[in-house]
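> Provided herewith is a single structure, encoded as structure tokens, for subsequent inquiry.
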Amino acid sequence: MRDHREGAGKTKLAAGLHLDVSHQKIMRLESGQTVRISTPQIQALLDFYAVPPGEQERALKSWASAKAETKDGKGFWQAYADQYEPHMPHYLSLEANAGRVTTHQLVLVPGLLQTSDYKRAIVRIDDPELSIVDTERRVELTTRRQARLDDDSFRIDAYISEAVLRNQPGSPDVMSQQLYWLAEVGARPGINIRVIPFGVGPHRGLTILSFTLLEFPRLDSGLIEPPVVYLEGAFGALYHEQSDVLDLYRQAIDALGAVALTEDDTRDVLLRVAKEYSA
């Protein structure tokens with residue numbers, strides 16, 4: 001698609017405006033990353049690029065083949081489409097392609113760091129009548145997402161409020177095992193977990209609330225895809241890509257780092273609270 005666009009003398013911005021999508025999505029499409037875009041939109045791009053009919057047919061066949069391949073591997077979440085909200089596929093695609101994730105959470109443990117029992121407890125809160133089969137499928141999706149934690153090229157920095165340790169979506173045993181797991185996984189290379197204790201007083205995290213910043217590695221083309229801030233709500237999500245907004249979140253991350261416990265002190269707190277739950 002990049003060759004067709006450049007041959008037509010069109011910019012990524014122009015292509016994005018034609019489809020009413022961001023130029024970052026065009027960049028992801030051209031670099032072969034998983035992207036939420038329909039076949040009619042591909043057809044519209046080919047028309048916009050004035051691609052001859054024969055070449056359009058070959059391009060559409062290639063697109064169909066690529067879509068089929070994403071049913072496995074990085075597109076694993078497609079098999080769980082009936083188990084998540086409409087905004088989640090885009091986030092899961094970003095998460096699968098990110099080189100670094102920085103998250104700040106005020107209420108719950110980040111999804112990438114949840115134990116299976118903790119996830120089950122959250123599912124029961126949201127949908128207590130959900131079948132066992134569907135509950136386990138949601139847990140399985142979380143488990144498959146966590147394969148990123150075994151990727152040497154991936155890094156996650158998690159800033160979590162002490163409230164996350166004290167909130168109890170599950171039983172004391174569930175909470176104890178969750179906190180022991182955080183202490184264990186936080187010792188791995190590339191996984192940094194830091195607690196922000198109640199006693200630090202006013203800090204930027206209290207006003208900017210929970211968020212996740214996703215940053216991406218350099219593409220094969222040599223370009224670096226712009227980062228994205230993801231804000232999840234109860235009934236939807238927002239994605240921020242504007243540089244001025246990203247700067248505000250980067251400043252907030254610096255401020256969080258200034259008040260959060262060190263990784264060693266965080267481990268001590270996690271183990272202490274885990275023991276309280278198991279007492």
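Following the order of the structure tokens, chains are lettered A, B, ..., residues in each are numbered from 1, and ligands are numbered from 1.
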Excluding A:Asn192 and any residue of its chain fewer than 5 positions from it, enumerate the residues within 9 Å of it, using only C-alpha atoms, and give them as a list in words.

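Once the nearby chain positions are removed, what remains is Arg155, Ile156, Asp157, Ala158, Tyr159, Val185, Gly186, Ala187 and Glu263 of chain A.
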
> Could those residues be written to a file, using N, CA and C atoms, as a short mmCIF file (atom, residue, chain, number, x, y, z; two decimals), in the first residue's frame?


data_model
loop_
_atom_site.label_atom_id
_atom_site.label_comp_id
_atom_site.auth_asym_id
_atom_site.auth_seq_id
_atom_site.Cartn_x
_atom_site.Cartn_y
_atom_site.Cartn_z
N ARG A 155 8.91 -3.79 27.53
CA ARG A 155 9.10 -3.22 28.87
C ARG A 155 7.77 -2.66 29.36
N ILE A 156 7.49 -2.88 30.63
CA ILE A 156 6.31 -2.28 31.25
C ILE A 156 6.72 -1.60 32.54
N ASP A 157 6.28 -0.36 32.70
CA ASP A 157 6.48 0.41 33.92
C ASP A 157 5.09 0.66 34.51
N ALA A 158 4.82 0.08 35.67
CA ALA A 158 3.49 0.20 36.27
C ALA A 158 3.57 0.99 37.57
N TYR A 159 2.85 2.11 37.61
CA TYR A 159 2.72 2.90 38.82
C TYR A 159 1.33 2.62 39.38
N VAL A 185 6.79 -11.13 39.79
CA VAL A 185 6.97 -10.74 38.39
C VAL A 185 7.72 -9.42 38.29
N GLY A 186 7.61 -8.58 39.33
CA GLY A 186 8.30 -7.30 39.32
C GLY A 186 9.82 -7.43 39.40
N ALA A 187 10.30 -8.62 39.72
CA ALA A 187 11.75 -8.85 39.77
C ALA A 187 12.32 -9.22 38.41
N GLU A 263 11.61 0.24 43.55
CA GLU A 263 11.18 -1.13 43.26
C GLU A 263 11.41 -2.05 44.45
#

> For stretch 202-205 of chain A, please output as a PyMOL selection string all residues within 8 Å (counting only C-alpha atoms; exclusion window: fewer than 3 positions along the same chain).

chain A and resi 104+208-210+252+255-256+259

> Those selected residues, please, written with all heavy atoms and delivered as a CSV table (one decimal), in the first residue's frame.


chain,number,residue,atom,x,y,z
A,104,HIS,N,-0.5,3.9,34.8
A,104,HIS,CA,-0.8,4.4,36.1
A,104,HIS,C,-2.2,4.0,36.5
A,104,HIS,O,-3.1,4.3,35.7
A,104,HIS,CB,-0.7,6.0,36.2
A,104,HIS,CG,-1.2,6.6,37.5
A,104,HIS,ND1,-2.2,7.4,37.5
A,104,HIS,CD2,-0.8,6.3,38.7
A,104,HIS,CE1,-2.4,7.8,38.8
A,104,HIS,NE2,-1.6,7.1,39.5
A,208,ILE,N,-4.7,13.5,37.2
A,208,ILE,CA,-4.7,13.0,35.9
A,208,ILE,C,-5.3,11.6,35.7
A,208,ILE,O,-5.7,11.2,34.7
A,208,ILE,CB,-3.2,13.0,35.3
A,208,ILE,CG1,-3.2,13.0,33.8
A,208,ILE,CG2,-2.5,11.7,35.8
A,208,ILE,CD1,-1.9,13.4,33.2
A,209,LEU,N,-5.5,10.9,36.9
A,209,LEU,CA,-6.2,9.7,37.0
A,209,LEU,C,-5.5,8.5,36.3
A,209,LEU,O,-4.3,8.6,35.9
A,209,LEU,CB,-7.7,9.8,36.5
A,209,LEU,CG,-8.5,10.9,37.2
A,209,LEU,CD1,-9.9,11.0,36.6
A,209,LEU,CD2,-8.5,10.8,38.7
A,210,SER,N,-6.2,7.4,36.0
A,210,SER,CA,-5.6,6.2,35.4
A,210,SER,C,-5.4,6.4,33.9
A,210,SER,O,-6.2,7.0,33.2
A,210,SER,CB,-6.4,5.0,35.7
A,210,SER,OG,-6.5,4.7,37.1
A,252,ALA,N,3.4,14.0,33.8
A,252,ALA,CA,2.7,13.3,34.9
A,252,ALA,C,3.5,12.0,35.3
A,252,ALA,O,3.7,11.7,36.5
A,252,ALA,CB,1.3,12.9,34.5
A,255,ALA,N,6.4,13.1,37.4
A,255,ALA,CA,5.9,13.4,38.7
A,255,ALA,C,5.6,12.2,39.5
A,255,ALA,O,5.9,12.1,40.7
A,255,ALA,CB,4.7,14.3,38.6
A,256,LEU,N,5.0,11.2,38.9
A,256,LEU,CA,4.7,9.9,39.6
A,256,LEU,C,6.0,9.2,40.0
A,256,LEU,O,6.1,8.7,41.2
A,256,LEU,CB,3.9,9.0,38.7
A,256,LEU,CG,2.5,9.4,38.3
A,256,LEU,CD1,1.9,8.5,37.2
A,256,LEU,CD2,1.6,9.3,39.6
A,259,VAL,N,7.4,10.5,43.4
A,259,VAL,CA,6.8,10.2,44.7
A,259,VAL,C,6.6,8.7,44.9
A,259,VAL,O,6.3,8.2,46.0
A,259,VAL,CB,5.4,10.9,44.7
A,259,VAL,CG1,5.5,12.4,44.7
A,259,VAL,CG2,4.4,10.4,43.7

> Can you tell me which residues surround A:Glu57 at a distance of at most 12 Å, considering only C-alpha atoms, apart from same-chain residues fewer than 6 positions away, and format the answer as a ChimeraX atom specification?

/A:39,42-43,46-47,51,63-64

> Write out, as a PDB file, in the first residue's frame, the residues just selected, with N, CA, C and O atoms.


ATOM      1  N   THR A  39     -12.186  -4.064   4.576  1.00  0.00           N
ATOM      2  CA  THR A  39     -11.904  -4.260   3.152  1.00  0.00           C
ATOM      3  C   THR A  39     -12.455  -3.111   2.308  1.00  0.00           C
ATOM      4  O   THR A  39     -11.768  -2.642   1.387  1.00  0.00           O
ATOM      5  N   ILE A  42      -9.967  -0.408   2.375  1.00  0.00           N
ATOM      6  CA  ILE A  42      -8.830  -0.696   1.500  1.00  0.00           C
ATOM      7  C   ILE A  42      -9.194  -0.379   0.061  1.00  0.00           C
ATOM      8  O   ILE A  42      -8.407   0.219  -0.687  1.00  0.00           O
ATOM      9  N   GLN A  43     -10.407  -0.772  -0.330  1.00  0.00           N
ATOM     10  CA  GLN A  43     -10.871  -0.476  -1.680  1.00  0.00           C
ATOM     11  C   GLN A  43     -10.907   1.037  -1.919  1.00  0.00           C
ATOM     12  O   GLN A  43     -10.504   1.531  -2.987  1.00  0.00           O
ATOM     13  N   LEU A  46      -7.411   2.305  -2.516  1.00  0.00           N
ATOM     14  CA  LEU A  46      -6.928   1.956  -3.856  1.00  0.00           C
ATOM     15  C   LEU A  46      -7.545   2.875  -4.908  1.00  0.00           C
ATOM     16  O   LEU A  46      -6.864   3.293  -5.856  1.00  0.00           O
ATOM     17  N   ASP A  47      -8.826   3.188  -4.754  1.00  0.00           N
ATOM     18  CA  ASP A  47      -9.475   4.134  -5.675  1.00  0.00           C
ATOM     19  C   ASP A  47      -8.854   5.523  -5.539  1.00  0.00           C
ATOM     20  O   ASP A  47      -8.624   6.217  -6.539  1.00  0.00           O
ATOM     21  N   VAL A  51      -5.342   3.273  -8.469  1.00  0.00           N
ATOM     22  CA  VAL A  51      -4.674   2.021  -8.821  1.00  0.00           C
ATOM     23  C   VAL A  51      -5.471   1.312  -9.916  1.00  0.00           C
ATOM     24  O   VAL A  51      -6.695   1.181  -9.797  1.00  0.00           O
ATOM     25  N   TRP A  63      -4.620  -8.452   0.750  1.00  0.00           N
ATOM     26  CA  TRP A  63      -5.246  -7.980   1.981  1.00  0.00           C
ATOM     27  C   TRP A  63      -6.063  -9.096   2.639  1.00  0.00           C
ATOM     28  O   TRP A  63      -5.995  -9.304   3.856  1.00  0.00           O
ATOM     29  N   ALA A  64      -6.824  -9.827   1.822  1.00  0.00           N
ATOM     30  CA  ALA A  64      -7.624 -10.931   2.354  1.00  0.00           C
ATOM     31  C   ALA A  64      -6.729 -11.995   2.987  1.00  0.00           C
ATOM     32  O   ALA A  64      -7.045 -12.554   4.044  1.00  0.00           O
TER      33      ALA A  64
END

> Of the candidates A:Thr103, A:Ser131, A:Gln114, A:Thr212, which shows the shortest atom-to-atom distance to A:Gly170, using only C-alpha atoms?

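The closest residue to A:Gly170 is A:Gln114.
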
> Can you work out the spacing between atom CA of A:Lys25 and atom CA of A:Leu141 in Å, to one decimal?

24.1 Å

> For each of A:Pro169, A:Gly99, A:Pro189, A:Pro110, take the minimum atom-to-atom distance to A:Ile122, counting only C-alpha atoms, then give the residue where this is smallest.

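Counting only C-alpha atoms, the residue closest to A:Ile122 is A:Pro169.
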
> Between A:His90, A:Arg194, A:Arg58, A:His240, single out the one closest to A:Val109, counting only C-alpha atoms.

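Using only C-alpha atoms, A:Val109 sits closest to A:Arg194.
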
> Please report, as CSV, each residue of stretch 65-134 of chain A lying at most 9 Å from stretch 146-154 of chain A, together with the nearest pair of atoms and the separation in Å rounded to one decimal; use only C-alpha atoms, and order rows by chain and ascending residue number.


residue,atom,partner,partner_atom,distance
A:Glu95,CA,A:Arg148,CA,8.6
A:Ala96,CA,A:Arg148,CA,7.4
A:Ala98,CA,A:Phe154,CA,7.4
A:Gly99,CA,A:Phe154,CA,4.9
A:Arg100,CA,A:Phe154,CA,5.7
A:Val101,CA,A:Phe154,CA,8.2
A:Gly111,CA,A:Gln146,CA,8.4
A:Leu112,CA,A:Gln146,CA,5.4
A:Leu113,CA,A:Gln146,CA,7.4
A:Gln114,CA,A:Gln146,CA,8.9

> If DSSP is run on the backbone, what residues of stretch 36-267 of chain A are strand (DSSP E)? A reply as a count of residues only would be ideal.

35

> Determine the nearest neighbour of A:Arg250 from the options A:Ile125, A:Arg272, A:Val228, A:Leu206, counting only C-alpha atoms.

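The answer is A:Val228, which sits nearest to A:Arg250.
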
> Given only C-alpha atoms as the basis, pick out the residue of A:Tyr49, A:Tyr230, A:Trp181, A:Tyr80 nearest to A:Glu215.

A:Tyr230

> Show me, as an MDAnalysis selection string, the residues that have an atom within 12 Å of A:Asp82 when counting only C-alpha atoms, minus same-chain residues fewer than 2 positions from it.

chainID A and resid 77:80 84:86 88:89 134:135 137:138 141

> Go ahead and dump the residues you just picked, all heavy atoms, as a short mmCIF file (atom, residue, chain, number, x, y, z; two decimals), in the first residue's frame.


data_model
loop_
_atom_site.label_atom_id
_atom_site.label_comp_id
_atom_site.auth_asym_id
_atom_site.auth_seq_id
_atom_site.Cartn_x
_atom_site.Cartn_y
_atom_site.Cartn_z
N TRP A 77 -6.63 -12.11 19.69
CA TRP A 77 -7.82 -11.61 20.38
C TRP A 77 -9.08 -11.70 19.53
O TRP A 77 -10.19 -11.65 20.06
CB TRP A 77 -7.59 -10.15 20.79
CG TRP A 77 -7.18 -9.27 19.65
CD1 TRP A 77 -8.00 -8.63 18.78
CD2 TRP A 77 -5.83 -8.95 19.27
NE1 TRP A 77 -7.26 -7.91 17.87
CE2 TRP A 77 -5.93 -8.10 18.14
CE3 TRP A 77 -4.58 -9.29 19.76
CZ2 TRP A 77 -4.79 -7.60 17.50
CZ3 TRP A 77 -3.46 -8.80 19.13
CH2 TRP A 77 -3.57 -7.95 18.01
N GLN A 78 -8.94 -11.87 18.22
CA GLN A 78 -10.12 -11.94 17.36
C GLN A 78 -11.01 -13.12 17.73
O GLN A 78 -12.23 -13.08 17.55
CB GLN A 78 -9.69 -12.02 15.90
CG GLN A 78 -8.98 -10.77 15.41
CD GLN A 78 -8.56 -10.86 13.96
OE1 GLN A 78 -8.90 -11.81 13.27
NE2 GLN A 78 -7.83 -9.87 13.51
N ALA A 79 -10.41 -14.18 18.25
CA ALA A 79 -11.19 -15.36 18.63
C ALA A 79 -12.05 -15.11 19.86
O ALA A 79 -12.93 -15.92 20.18
CB ALA A 79 -10.25 -16.54 18.89
N TYR A 80 -11.82 -13.97 20.53
CA TYR A 80 -12.57 -13.65 21.75
C TYR A 80 -13.48 -12.43 21.52
O TYR A 80 -13.86 -11.76 22.48
CB TYR A 80 -11.60 -13.38 22.90
CG TYR A 80 -10.63 -14.50 23.16
CD1 TYR A 80 -9.40 -14.55 22.49
CD2 TYR A 80 -10.92 -15.51 24.06
CE1 TYR A 80 -8.50 -15.58 22.72
CE2 TYR A 80 -10.02 -16.53 24.30
CZ TYR A 80 -8.82 -16.57 23.63
OH TYR A 80 -7.93 -17.59 23.86
N TYR A 84 -15.40 -9.03 24.66
CA TYR A 84 -14.91 -7.72 25.06
C TYR A 84 -15.67 -6.61 24.37
O TYR A 84 -16.42 -6.84 23.41
CB TYR A 84 -13.41 -7.58 24.80
CG TYR A 84 -12.92 -7.99 23.42
CD1 TYR A 84 -13.34 -7.33 22.28
CD2 TYR A 84 -12.00 -9.04 23.27
CE1 TYR A 84 -12.87 -7.69 21.02
CE2 TYR A 84 -11.53 -9.41 22.03
CZ TYR A 84 -11.97 -8.73 20.91
OH TYR A 84 -11.51 -9.09 19.66
N GLU A 85 -15.47 -5.41 24.88
CA GLU A 85 -16.17 -4.23 24.36
C GLU A 85 -15.60 -3.84 23.00
O GLU A 85 -14.45 -4.18 22.67
CB GLU A 85 -16.03 -3.06 25.35
CG GLU A 85 -16.64 -3.32 26.71
CD GLU A 85 -18.13 -3.57 26.64
OE1 GLU A 85 -18.81 -2.94 25.80
OE2 GLU A 85 -18.64 -4.42 27.41
N PRO A 86 -16.40 -3.10 22.19
CA PRO A 86 -15.96 -2.76 20.82
C PRO A 86 -14.65 -2.00 20.74
O PRO A 86 -13.94 -2.09 19.73
CB PRO A 86 -17.13 -1.90 20.32
CG PRO A 86 -18.31 -2.36 21.09
CD PRO A 86 -17.78 -2.69 22.45
N MET A 88 -11.95 -2.55 22.48
CA MET A 88 -10.79 -3.33 22.91
C MET A 88 -9.88 -3.85 21.78
O MET A 88 -8.66 -3.92 21.97
CB MET A 88 -11.24 -4.49 23.78
CG MET A 88 -11.51 -4.11 25.22
SD MET A 88 -10.08 -3.33 26.03
CE MET A 88 -8.93 -4.70 26.16
N PRO A 89 -10.42 -4.26 20.61
CA PRO A 89 -9.51 -4.77 19.58
C PRO A 89 -8.41 -3.79 19.21
O PRO A 89 -7.26 -4.19 19.00
CB PRO A 89 -10.44 -5.05 18.39
CG PRO A 89 -11.76 -5.29 19.00
CD PRO A 89 -11.83 -4.39 20.20
N ASP A 134 -17.77 -18.71 29.39
CA ASP A 134 -17.40 -17.36 28.95
C ASP A 134 -16.47 -16.68 29.94
O ASP A 134 -15.58 -15.91 29.56
CB ASP A 134 -18.66 -16.52 28.73
CG ASP A 134 -19.38 -16.87 27.45
OD1 ASP A 134 -18.75 -17.48 26.56
OD2 ASP A 134 -20.57 -16.54 27.31
N THR A 135 -16.66 -16.96 31.23
CA THR A 135 -15.73 -16.42 32.23
C THR A 135 -14.32 -16.91 31.96
O THR A 135 -13.36 -16.13 31.97
CB THR A 135 -16.17 -16.84 33.65
OG1 THR A 135 -17.45 -16.29 33.93
CG2 THR A 135 -15.16 -16.35 34.69
N ARG A 137 -13.08 -17.94 29.17
CA ARG A 137 -12.56 -17.37 27.92
C ARG A 137 -11.97 -15.98 28.17
O ARG A 137 -10.95 -15.61 27.59
CB ARG A 137 -13.65 -17.32 26.85
CG ARG A 137 -14.08 -18.69 26.36
CD ARG A 137 -15.07 -18.58 25.23
NE ARG A 137 -14.43 -18.02 24.05
CZ ARG A 137 -15.07 -17.27 23.15
NH1 ARG A 137 -16.33 -16.94 23.31
NH2 ARG A 137 -14.42 -16.80 22.10
N ARG A 138 -12.60 -15.20 29.03
CA ARG A 138 -12.06 -13.88 29.35
C ARG A 138 -10.75 -13.99 30.13
O ARG A 138 -9.83 -13.21 29.91
CB ARG A 138 -13.10 -13.08 30.14
CG ARG A 138 -14.35 -12.79 29.33
CD ARG A 138 -15.32 -11.86 30.03
NE ARG A 138 -16.57 -11.77 29.28
CZ ARG A 138 -17.57 -10.95 29.57
NH1 ARG A 138 -17.46 -10.13 30.61
NH2 ARG A 138 -18.67 -10.94 28.84
N LEU A 141 -8.06 -14.93 27.64
CA LEU A 141 -7.61 -13.77 26.86
C LEU A 141 -6.56 -12.99 27.64
O LEU A 141 -5.53 -12.59 27.08
CB LEU A 141 -8.79 -12.88 26.51
CG LEU A 141 -8.45 -11.55 25.82
CD1 LEU A 141 -7.70 -11.77 24.52
CD2 LEU A 141 -9.72 -10.72 25.59
#

> Find, counting only C-alpha atoms, the residue in A:Asp268, A:Leu213, A:Ser22, A:Leu130 that gets nearest to A:Gln251.

A:Leu213

> If you run DSSP on the backbone here, which positions in stretch 16-225 of chain A get alpha helix (DSSP H)? Please write them as a ChimeraX atom specification.

/A:16-19,23-30,39-48,53-69,88-97,116-126,132-145,162-166,172-185,205-208

> Could you give me, as a VMD selection string, the residues within 9 Å of stretch 223-227 of chain A, counting only C-alpha atoms and dropping anything in the same chain fewer than 5 positions from it?

chain A and resid 24 27 to 28 98 213 to 218 240 to 241 243 246

> Grab the atom CA of A:Phe48 to atom CA of A:Glu30 distance for me, in Å with one decimal place.

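Those two atoms sit 15.4 Å apart.
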